[in-house]
>>> print(open('coords-v8.cif').read())   # mmCIF, C-alpha atoms
data_coords
loop_
_atom_site.label_atom_id
_atom_site.label_comp_id
_atom_site.auth_asym_id
_atom_site.auth_seq_id
_atom_site.Cartn_x
_atom_site.Cartn_y
_atom_site.Cartn_z
CA MET A 1 0.00 0.00 0.00
CA SER A 2 1.42 3.40 -0.97
CA PRO A 3 2.54 5.98 1.59
CA MET A 4 -0.13 8.37 0.29
CA SER A 5 -2.83 5.80 1.05
CA ASP A 6 -1.38 5.32 4.52
CA ALA A 7 -1.50 9.05 5.14
CA ALA A 8 -5.08 9.36 3.89
CA HIS A 9 -6.33 6.57 6.14
CA LEU A 10 -4.44 7.93 9.15
CA ARG A 11 -5.92 11.39 8.55
CA LEU A 12 -9.37 9.78 8.59
CA ALA A 13 -8.50 8.16 11.92
CA LEU A 14 -7.42 11.58 13.19
CA ARG A 15 -10.77 13.10 12.18
CA LEU A 16 -12.56 10.30 14.00
CA ALA A 17 -10.48 10.88 17.11
CA ARG A 18 -11.48 14.57 17.23
CA ARG A 19 -15.13 13.57 17.62
CA SER A 20 -14.50 12.74 21.27
CA TYR A 21 -13.28 16.23 22.19
CA GLY A 22 -14.24 16.83 25.80
CA THR A 23 -15.43 13.30 26.63
CA THR A 24 -12.39 11.06 27.13
CA SER A 25 -10.48 12.61 30.04
CA PRO A 26 -8.35 11.35 31.70
CA ASN A 27 -7.76 9.24 28.60
CA PRO A 28 -6.46 10.51 25.25
CA MET A 29 -8.50 10.99 22.08
CA VAL A 30 -7.82 8.13 19.66
CA GLY A 31 -9.21 7.11 16.28
CA ALA A 32 -8.77 3.89 14.27
CA VAL A 33 -9.53 2.68 10.76
CA LEU A 34 -9.42 -0.92 9.49
CA VAL A 35 -8.51 -1.43 5.83
CA LYS A 36 -8.46 -4.67 3.85
CA ALA A 37 -7.75 -5.08 0.14
CA GLY A 38 -7.86 -1.30 -0.23
CA LYS A 39 -11.32 -0.94 1.31
CA ILE A 40 -12.29 0.46 4.69
CA ILE A 41 -14.01 -2.30 6.66
CA GLY A 42 -14.25 -0.69 10.08
CA ARG A 43 -13.99 2.64 11.86
CA GLY A 44 -13.88 3.57 15.52
CA TRP A 45 -12.87 6.13 18.10
CA HIS A 46 -12.55 6.18 21.85
CA ARG A 47 -15.83 7.80 22.89
CA GLN A 48 -15.43 8.16 26.64
CA ALA A 49 -13.20 7.13 29.53
CA GLY A 50 -13.98 3.58 30.64
CA GLY A 51 -15.47 2.68 27.26
CA PRO A 52 -13.92 0.57 24.49
CA HIS A 53 -10.76 1.94 22.93
CA ALA A 54 -10.68 3.03 19.29
CA GLU A 55 -9.12 -0.24 18.06
CA ILE A 56 -11.89 -2.28 19.69
CA GLU A 57 -14.57 0.00 18.26
CA ALA A 58 -13.10 -0.43 14.76
CA LEU A 59 -12.97 -4.23 15.15
CA ARG A 60 -16.59 -4.30 16.33
CA ASP A 61 -17.63 -2.06 13.45
CA ALA A 62 -16.01 -4.45 10.97
CA GLN A 63 -17.79 -7.39 12.60
CA LYS A 64 -21.17 -5.61 12.37
CA ARG A 65 -20.54 -5.02 8.68
CA GLY A 66 -19.74 -8.69 8.15
CA HIS A 67 -16.02 -8.20 7.47
CA SER A 68 -13.16 -10.31 8.82
CA PRO A 69 -10.09 -8.36 10.03
CA GLN A 70 -7.83 -11.31 9.18
CA GLY A 71 -4.90 -9.94 7.17
CA ALA A 72 -6.10 -6.31 7.42
CA THR A 73 -4.19 -3.15 8.24
CA ILE A 74 -5.25 -1.00 11.18
CA TYR A 75 -4.50 2.71 11.24
CA VAL A 76 -4.50 4.16 14.74
CA THR A 77 -3.56 7.67 15.88
CA LEU A 78 -1.82 6.52 19.08
CA GLU A 79 0.31 3.53 19.99
CA PRO A 80 -2.03 0.68 21.05
CA CYS A 81 -2.14 0.14 24.80
CA CYS A 82 -0.38 -2.94 26.12
CA THR A 83 -1.38 -2.90 29.79
CA HIS A 84 -4.49 -3.83 31.75
CA GLY A 85 -6.49 -0.82 32.93
CA ARG A 86 -10.24 -0.40 32.88
CA THR A 87 -10.09 -2.31 29.60
CA PRO A 88 -7.86 -5.18 28.35
CA PRO A 89 -4.75 -4.42 26.24
CA CYS A 90 -5.53 -3.45 22.65
CA THR A 91 -2.35 -5.20 21.52
CA ASP A 92 -3.92 -8.54 22.54
CA ALA A 93 -7.09 -7.80 20.55
CA ILE A 94 -5.13 -6.74 17.46
CA ILE A 95 -3.02 -9.91 17.52
CA ALA A 96 -6.03 -12.16 18.18
CA ALA A 97 -7.95 -10.59 15.27
CA GLY A 98 -5.25 -11.66 12.80
CA ILE A 99 -4.39 -8.14 11.72
CA GLN A 100 -1.26 -8.14 9.60
CA ARG A 101 -0.07 -4.52 9.71
CA VAL A 102 -0.35 -1.59 12.10
CA VAL A 103 0.21 2.04 11.07
CA VAL A 104 0.58 4.35 14.07
CA GLY A 105 0.49 8.13 14.29
CA ALA A 106 2.09 8.84 17.66
CA THR A 107 3.92 7.04 20.45
CA ASP A 108 2.38 6.57 23.88
CA PRO A 109 3.75 9.56 25.83
CA ASN A 110 3.85 7.64 29.11
CA PRO A 111 7.58 6.98 29.59
CA HIS A 112 6.76 3.68 31.29
CA HIS A 113 4.82 2.42 28.26
CA ALA A 114 6.33 4.22 25.25
CA GLY A 115 7.32 1.73 22.56
CA ARG A 116 6.20 -1.37 24.48
CA GLY A 117 3.11 -1.80 22.35
CA PHE A 118 5.21 -1.68 19.18
CA LYS A 119 7.57 -4.37 20.48
CA ILE A 120 4.72 -6.68 21.49
CA LEU A 121 3.12 -6.39 18.05
CA GLU A 122 6.39 -6.92 16.19
CA GLN A 123 7.27 -9.93 18.35
CA ALA A 124 3.92 -11.42 17.33
CA GLY A 125 4.91 -11.07 13.67
CA LEU A 126 2.97 -7.93 12.75
CA THR A 127 4.48 -5.16 10.66
CA VAL A 128 4.48 -1.84 12.53
CA THR A 129 4.84 1.37 10.53
CA GLY A 130 5.10 4.95 11.75
CA ALA A 131 3.61 8.05 10.17
CA ASP A 132 5.59 10.74 8.39
CA ALA A 133 6.85 13.61 10.52
CA LYS A 134 4.00 16.03 9.68
CA LEU A 135 1.24 13.54 10.41
CA ALA A 136 2.99 12.28 13.53
CA ALA A 137 3.16 15.87 14.79
CA ASP A 138 -0.58 16.31 14.14
CA CYS A 139 -1.39 13.12 16.04
CA THR A 140 0.83 14.20 18.94
CA ARG A 141 -0.65 17.71 19.03
CA LEU A 142 -4.18 16.27 19.22
CA ASN A 143 -3.42 15.04 22.74
CA GLU A 144 -1.20 17.84 24.03
CA VAL A 145 -3.30 17.95 27.20
CA PHE A 146 -3.03 14.23 27.93
CA ASN A 147 0.64 14.16 26.95
CA HIS A 148 1.46 16.90 29.47
CA TRP A 149 -0.58 15.36 32.29
CA ILE A 150 0.72 11.81 31.85
CA THR A 151 4.35 12.95 31.91
CA HIS A 152 4.19 15.76 34.52
CA ARG A 153 1.13 14.66 36.53
CA THR A 154 -0.15 18.22 36.62
CA PRO A 155 -2.94 19.72 34.49
CA PHE A 156 -2.27 21.36 31.15
CA VAL A 157 -3.05 25.00 31.94
CA THR A 158 -4.63 27.38 29.42
CA VAL A 159 -4.96 31.04 30.40
CA LYS A 160 -7.94 32.59 28.62
CA ALA A 161 -8.72 36.31 28.58
CA ALA A 162 -10.94 38.64 26.57
CA MET A 163 -9.49 42.14 26.24
CA THR A 164 -9.30 45.35 24.30
CA LEU A 165 -6.42 46.01 21.92
CA ASP A 166 -4.58 47.80 24.71
CA GLY A 167 -4.77 44.72 26.94
CA LYS A 168 -7.59 45.76 29.30
CA ILE A 169 -10.22 43.31 30.55
CA ALA A 170 -12.41 45.73 32.50
CA THR A 171 -12.89 49.35 33.46
CA ALA A 172 -11.52 50.68 36.73
CA SER A 173 -14.91 49.93 38.33
CA GLY A 174 -14.82 46.32 37.09
CA GLU A 175 -17.29 46.56 34.19
CA SER A 176 -16.41 43.95 31.55
CA LYS A 177 -19.57 42.73 29.79
CA TRP A 178 -19.13 42.45 26.97
CA ILE A 179 -15.73 43.37 25.56
CA THR A 180 -15.80 40.72 22.83
CA GLY A 181 -18.65 39.69 20.54
CA PRO A 182 -20.87 36.58 20.31
CA ALA A 183 -18.48 34.57 18.10
CA ALA A 184 -15.60 35.00 20.52
CA ARG A 185 -17.79 34.12 23.50
CA ALA A 186 -19.03 31.02 21.70
CA HIS A 187 -15.43 29.92 21.15
CA GLY A 188 -14.81 30.44 24.83
CA MET A 189 -17.50 27.85 25.49
CA ILE A 190 -15.64 25.42 23.22
CA LEU A 191 -12.57 25.88 25.42
CA ARG A 192 -14.68 25.06 28.48
CA GLN A 193 -16.05 21.97 26.73
CA GLY A 194 -12.54 20.55 26.42
CA SER A 195 -11.53 21.32 30.01
CA ASP A 196 -11.79 19.28 33.20
CA ALA A 197 -11.85 22.35 35.44
CA ILE A 198 -12.18 26.11 35.26
CA LEU A 199 -10.49 28.49 37.71
CA VAL A 200 -11.07 32.12 38.68
CA GLY A 201 -10.11 34.34 41.58
CA VAL A 202 -12.55 35.48 44.24
CA ASN A 203 -12.55 39.03 42.85
CA THR A 204 -14.20 37.69 39.70
CA ILE A 205 -16.91 36.11 41.86
CA LEU A 206 -17.41 39.34 43.81
CA ALA A 207 -17.55 41.51 40.69
CA ASP A 208 -19.54 39.36 38.23
CA ASP A 209 -21.09 36.43 40.14
CA PRO A 210 -20.47 34.14 37.10
CA GLY A 211 -21.93 30.65 36.67
CA LEU A 212 -18.70 29.20 35.18
CA THR A 213 -20.59 26.48 33.36
CA TYR A 214 -20.46 25.11 29.82
CA ARG A 215 -23.34 26.37 27.72
CA PRO A 216 -23.43 24.68 24.28
CA ALA A 217 -24.35 26.77 21.25
CA ASP A 218 -26.72 23.97 20.22
CA ALA A 219 -29.36 23.58 22.92
CA LYS A 220 -29.69 19.90 21.96
CA SER A 221 -26.04 19.19 22.75
CA PRO A 222 -25.56 17.64 26.19
CA ALA A 223 -23.53 19.74 28.59
CA PRO A 224 -20.60 17.99 30.28
CA SER A 225 -21.49 17.08 33.84
CA LYS A 226 -17.99 17.07 35.30
CA LEU A 227 -16.64 20.58 34.71
CA ARG A 228 -15.14 21.41 38.09
CA ARG A 229 -15.15 25.04 39.27
CA LEU A 230 -12.22 26.30 41.35
CA ILE A 231 -12.20 29.63 43.17
CA LEU A 232 -8.93 31.00 44.54
CA ASP A 233 -10.09 32.64 47.76
CA THR A 234 -7.28 32.98 50.30
CA ARG A 235 -9.49 34.61 52.96
CA ALA A 236 -12.78 32.76 52.24
CA ARG A 237 -14.61 35.84 50.96
CA THR A 238 -16.91 33.97 48.55
CA PRO A 239 -20.51 34.95 49.41
CA LEU A 240 -22.84 32.13 50.46
CA THR A 241 -25.29 33.56 47.92
CA ALA A 242 -22.88 33.28 44.95
CA ARG A 243 -24.10 31.26 41.97
CA VAL A 244 -21.19 28.82 42.21
CA VAL A 245 -22.30 28.08 45.78
CA THR A 246 -26.08 27.86 45.26
CA ASP A 247 -26.74 26.51 41.76
CA GLU A 248 -27.36 22.91 40.68
CA SER A 249 -23.65 22.36 40.03
CA ALA A 250 -22.56 23.37 43.55
CA ALA A 251 -21.18 19.87 44.14
CA LEU A 252 -18.57 20.62 41.45
CA THR A 253 -17.40 23.83 43.13
CA THR A 254 -14.20 23.93 45.18
CA ILE A 255 -13.25 27.03 47.13
CA VAL A 256 -9.47 27.04 47.62
CA VAL A 257 -8.70 28.90 50.84
CA GLY A 258 -5.50 29.65 52.71
CA ARG A 259 -4.58 28.03 56.00
CA ASN A 260 -5.14 31.32 57.80
CA ALA A 261 -8.64 31.90 56.40
CA PRO A 262 -11.29 32.72 59.06
CA LYS A 263 -12.53 29.37 60.39
CA ARG A 264 -16.13 30.56 60.69
CA LYS A 265 -16.30 31.52 57.01
CA VAL A 266 -14.57 28.31 55.94
CA ALA A 267 -17.04 26.21 57.94
CA ALA A 268 -20.02 28.02 56.43
CA LEU A 269 -18.76 27.46 52.88
CA ALA A 270 -17.94 23.81 53.62
CA LYS A 271 -21.63 23.17 54.34
CA LYS A 272 -22.50 24.08 50.74
CA VAL A 273 -19.48 23.31 48.55
CA ASN A 274 -16.09 21.62 48.64
CA VAL A 275 -13.40 23.55 50.48
CA LEU A 276 -9.71 22.90 49.95
CA ILE A 277 -7.26 24.35 52.47
CA ALA A 278 -4.02 25.11 50.65
CA PRO A 279 -0.61 26.36 51.75
CA GLU A 280 0.09 30.02 51.15
CA LYS A 281 3.08 31.55 49.45
CA LYS A 282 4.58 34.93 50.20
CA SER A 283 4.85 37.42 47.37
CA ALA A 284 8.24 38.72 46.34
CA HIS A 285 6.69 42.21 46.22
CA ALA A 286 7.05 44.08 49.49
CA GLY A 287 3.74 44.65 51.23
CA ALA A 288 1.79 42.22 49.03
CA LYS A 289 -0.51 39.74 50.74
CA PRO A 290 0.26 35.99 50.70
CA HIS A 291 -1.49 33.98 47.99
CA ILE A 292 -2.38 30.35 47.31
CA ASP A 293 0.59 28.19 46.35
CA LEU A 294 -0.39 27.48 42.74
CA ARG A 295 2.27 24.86 42.16
CA TRP A 296 0.96 22.88 45.14
CA LEU A 297 -2.58 23.23 43.81
CA LEU A 298 -1.65 21.94 40.35
CA LYS A 299 0.02 18.86 41.84
CA LYS A 300 -3.09 18.24 43.93
CA LEU A 301 -5.37 18.53 40.89
CA GLY A 302 -3.12 16.29 38.81
CA LYS A 303 -3.47 13.53 41.40
CA GLU A 304 -7.24 13.91 41.11
CA ASN A 305 -7.13 13.25 37.34
CA VAL A 306 -7.67 16.86 36.35
CA THR A 307 -5.80 16.81 33.05
CA SER A 308 -6.77 20.27 31.77
CA LEU A 309 -7.35 23.53 33.63
CA LEU A 310 -8.84 26.63 32.03
CA VAL A 311 -7.86 29.80 33.89
CA GLU A 312 -10.32 32.64 33.38
CA GLY A 313 -9.11 34.80 36.21
CA GLY A 314 -8.46 38.48 36.50
CA GLY A 315 -5.09 40.09 35.95
CA GLU A 316 -3.53 38.93 39.22
CA VAL A 317 -4.58 35.29 38.79
CA ASN A 318 -3.49 35.28 35.15
CA ALA A 319 -0.12 36.73 36.16
CA GLY A 320 0.31 34.09 38.83
CA PHE A 321 0.13 31.32 36.24
CA LEU A 322 1.89 33.05 33.35
CA LEU A 323 4.72 34.81 35.15
CA GLY A 324 5.09 31.84 37.49
CA GLY A 325 5.81 29.55 34.53
CA LEU A 326 2.76 27.41 35.29
CA ALA A 327 0.74 27.89 32.08
CA GLN A 328 1.24 25.88 28.89
CA ARG A 329 -1.05 27.81 26.52
CA VAL A 330 -2.73 31.17 26.17
CA ALA A 331 -6.02 31.94 24.43
CA PHE A 332 -6.29 35.72 24.19
CA PHE A 333 -9.35 37.26 22.55
CA TYR A 334 -8.83 40.82 21.27
CA ALA A 335 -11.71 43.18 20.51
CA PRO A 336 -11.12 46.14 18.15
CA LYS A 337 -11.58 48.60 21.00
CA ILE A 338 -9.41 50.90 23.10
CA LEU A 339 -10.21 51.30 26.79
CA GLY A 340 -7.20 53.19 28.14
CA GLY A 341 -6.98 54.45 31.69
CA ARG A 342 -4.21 53.89 34.20
CA ASP A 343 -6.64 52.31 36.63
CA SER A 344 -8.48 50.02 34.22
CA ARG A 345 -7.96 46.29 34.75
CA LYS A 346 -5.13 44.59 32.88
CA ALA A 347 -5.32 41.08 31.40
CA VAL A 348 -1.97 40.25 33.03
CA ALA A 349 -1.05 42.22 36.12
CA GLY A 350 1.18 41.08 38.97
CA ASP A 351 4.68 42.43 39.51
CA GLY A 352 5.61 41.98 35.86
CA ALA A 353 8.88 40.85 34.36
CA LYS A 354 11.94 42.47 35.96
CA SER A 355 13.80 42.60 32.64
CA LEU A 356 13.29 41.77 28.98
CA ALA A 357 15.13 38.51 29.63
CA ASP A 358 12.28 37.47 31.94
CA ILE A 359 9.49 38.03 29.42
CA VAL A 360 7.27 34.97 28.87
CA PRO A 361 7.95 33.84 25.28
CA LEU A 362 5.12 32.55 23.10
CA ARG A 363 5.57 30.01 20.32
CA GLU A 364 3.48 28.28 17.67
CA VAL A 365 1.39 31.44 17.51
CA THR A 366 -1.83 31.32 15.50
CA TRP A 367 -4.46 33.99 14.83
CA HIS A 368 -8.13 33.42 14.01
CA GLN A 369 -10.79 35.96 13.22
CA LEU A 370 -14.05 35.50 15.14
CA GLY A 371 -16.54 38.07 13.93
CA GLU A 372 -14.84 41.43 14.50
CA ASP A 373 -12.54 39.97 17.17
CA LEU A 374 -9.20 38.20 16.91
CA LEU A 375 -8.10 35.11 18.83
CA LEU A 376 -4.42 34.51 19.55
CA THR A 377 -3.48 31.03 20.69
CA ALA A 378 0.08 30.02 21.51
CA LEU A 379 2.18 27.75 23.65
CA THR A 380 4.20 29.39 26.40
CA GLY A 381 7.85 29.10 27.28
CA ILE A 382 10.88 27.66 25.55
CA PRO A 383 10.31 24.44 23.56
CA PRO A 384 11.29 21.30 25.49
CA ALA A 385 14.37 19.42 24.42
CA ILE A 386 13.65 16.77 21.79
CA SER A 387 14.12 13.30 23.22
CA PRO A 388 14.74 10.14 21.19
CA SER A 389 11.44 8.87 19.79
CA SER A 390 10.09 5.40 20.50
CA ARG A 391 8.00 5.66 17.34
CA PRO A 392 8.89 3.01 14.76
CA THR A 393 10.93 4.09 11.79
CA ARG A 394 8.70 4.81 8.84
CA ARG A 395 8.72 2.08 6.22
CA GLY A 396 7.00 2.18 2.87
#
>>> encode(input="coords-v8.cif", output="structure tokens")
Amino acid sequence: MSPMSDAAHLRLALRLARRSYGTTSPNPMVGAVLVKAGKIIGRGWHRQAGGPHAEIEALRDAQKRGHSPQGATIYVTLEPCCTHGRTPPCTDAIIAAGIQRVVVGATDPNPHHAGRGFKILEQAGLTVTGADAKLAADCTRLNEVFNHWITHRTPFVTVKAAMTLDGKIATASGESKWITGPAARAHGMILRQGSDAILVGVNTILADDPGLTYRPADAKSPAPSKLRRLILDTRARTPLTARVVTDESAALTTIVVGRNAPKRKVAALAKKVNVLIAPEKKSAHAGAKPHIDLRWLLKKLGKENVTSLLVEGGGEVNAGFLLGGLAQRVAFFYAPKILGGRDSRKAVAGDGAKSLADIVPLREVTWHQLGEDLLLTALTGIPPAISPSSRPTRRG
């Protein structure tokens, strides 16, 4: 089979994998296509955590269509699993089905598993082929959230902000609705759809009393039921009447307070929502109040299978993640407006970089137009060092 045919089938598997956006955490998105004698005989994708993996879905699809996978080629966007989890190893199912060839897009990012699936398949006599560099990069990028979490055990953090062209998110009095238009706000909901948790500071709660929920553009689309809401509230100032405390999703709200928060207020909140008592960290700025230790919080969330965190905080919270080197991506929405004012609220505040050498670099920058607004998305920081790949060498 020609390399072009391999690429076309793997791209189809990639499109299938994207269908599960927002439903597979803490598992990755994976798609698979079964091909025999040049014809597609089965398709599948991992639909939700705990459910059948993409390879199993494709095998079942072929069976329903009356096709035998004996001697077929399977195209899968991620290295087949080779360990027992909530489901049996996919490598066992592939071997048992009599599949002859496996074309894989990306290697399992888990350093304890990377390449093991390939070896098991090759030892069983199957031919294992890797994708070309461009397609492999696309398959890897699809699961940037999972890849980060499985290797670092902390959530992949995206800082999202809607601002004017001069970088302001609100007036001096806190007025912010609405800086951006409907298309930009709809895209913001898509970001929430793909997140395990959303985080804001208590000042956002006090100023706007937001719901922090996912609201699909299509009323018929089911809303995810597990979007956790985290409020950074060092002194437990969240009102007992706040929407995040009183609405139907209150069980998904966690107020993160400092160890020196007033016990009476903490106890009152704990009767309505989850309360997490976190260590505090002193600010380097003289006179500034202590704040929640964000690095500690991320480690805690990672242990709780929070793979992706969407930060929608004010300028201080955004600065804590960005200038603290704790964010992996930014999603900045820019409206064609100028607010001005020395006291208006900045998208990124904090103490700021002490020198140009300390500026947070952005890479892989992309721009999209959403109505009259612009969306900038980019990865933060310096690219990680390239490590030797466990992906099989591409063969024709």
>>> atom_distance(input="coords-v8.cif", atom1="CA of Val145 (chain A)", atom2="CA of Pro28 (chain A)")
8.3 Å
>>> residues_around(input="coords-v8.cif", residues="Lys282 (chain A)", least_positions_apart="4", cutoff="9 Å", atoms="all atoms listed in the file", output="ChimeraX atom specification")
/A:288-293
>>> write_last_selection(input="coords-v8.cif", atoms="C-alpha atoms", output="PDB file, in the frame of the given file")
ATOM      1  CA  ALA A 288       1.790  42.220  49.030  1.00  0.00           C
ATOM      2  CA  LYS A 289      -0.510  39.740  50.740  1.00  0.00           C
ATOM      3  CA  PRO A 290       0.260  35.990  50.700  1.00  0.00           C
ATOM      4  CA  HIS A 291      -1.490  33.980  47.990  1.00  0.00           C
ATOM      5  CA  ILE A 292      -2.380  30.350  47.310  1.00  0.00           C
ATOM      6  CA  ASP A 293       0.590  28.190  46.350  1.00  0.00           C
TER       7      ASP A 293
END
>>> resolve_selection(input="coords-v8.cif", expression="the PyMOL selection byres ((chain A and resi 136) around 12)", output="PyMOL selection string")
chain A and resi 7+10-11+14+76-79+103-108+129-135+137-143+389+391-394
>>> residues_around(input="coords-v8.cif", residues="Arg192 (chain A)", least_positions_apart="3", cutoff="9 Å", atoms="all atoms listed in the file", output="list in words")
Gly22, His187, Gly188, Met189, Ser195, Asp196, Ala197, Ile198, Leu212, Thr213, Tyr214, Arg215, Leu227 and Leu310 of chain A
>>> write_last_selection(input="coords-v8.cif", atoms="C-alpha atoms", output="compact mmCIF listing (two decimals), keeping the file's coordinate frame")
# COMPACT_ATOMS: atom_id res chain seq x y z
CA GLY A 22 -14.24 16.83 25.80
CA HIS A 187 -15.43 29.92 21.15
CA GLY A 188 -14.81 30.44 24.83
CA MET A 189 -17.50 27.85 25.49
CA SER A 195 -11.53 21.32 30.01
CA ASP A 196 -11.79 19.28 33.20
CA ALA A 197 -11.85 22.35 35.44
CA ILE A 198 -12.18 26.11 35.26
CA LEU A 212 -18.70 29.20 35.18
CA THR A 213 -20.59 26.48 33.36
CA TYR A 214 -20.46 25.11 29.82
CA ARG A 215 -23.34 26.37 27.72
CA LEU A 227 -16.64 20.58 34.71
CA LEU A 310 -8.84 26.63 32.03
>>> closest_residue(input="coords-v8.cif", among="A:Leu362, A:Pro216, A:Pro210, A:Asn203", to="Arg243 (chain A)", atoms="all atoms listed in the file")
A:Pro210
>>> residues_around(input="coords-v8.cif", residues="Ala184 (chain A)", least_positions_apart="2", cutoff="7 Å", atoms="all atoms listed in the file", output="list in words")
Thr180, Gly181, Pro182, Ala186, His187, Gly188, Phe333, Leu370 and Asp373 of chain A
>>> closest_residue(input="coords-v8.cif", among="A:Gly201, A:Gly340, A:Gly31, A:Gly38", to="Gly314 (chain A)", atoms="all atoms listed in the file")
A:Gly201
>>> residues_around(input="coords-v8.cif", residues="Ile56 (chain A)", least_positions_apart="4", cutoff="12 Å", atoms="all atoms listed in the file", output="count of residues only")
33
>>> residues_near_point(input="coords-v8.cif", point="(-12.7, 30.6, 41.3)", cutoff="6 Å", atoms="only C-alpha atoms", output="number ranges by chain")
A: 199-202, 230-232
>>> residues_around(input="coords-v8.cif", residues="region 315-329 of chain A", least_positions_apart="5", cutoff="8 Å", atoms="only C-alpha atoms", output="ChimeraX atom specification")
/A:156-159,200-201,294-295,345-350,352-353,360,377-381
>>> resolve_selection(input="coords-v8.cif", expression="the PyMOL selection byres ((chain A and resi 49) around 6)", output="number ranges by chain")
A: 24, 27, 48, 50-51
>>> atom_distance(input="coords-v8.cif", atom1="CA of Lys272 (chain A)", atom2="CA of Thr246 (chain A)")
7.6 Å
>>> resolve_selection(input="coords-v8.cif", expression="the PyMOL selection byres ((chain A and resi 307) around 7)", output="ChimeraX atom specification")
/A:25-26,145-146,149,154-156,196,302,305-306,308-309
>>> atom_distance(input="coords-v8.cif", atom1="CA of Thr151 (chain A)", atom2="CA of Leu298 (chain A)")
13.7 Å
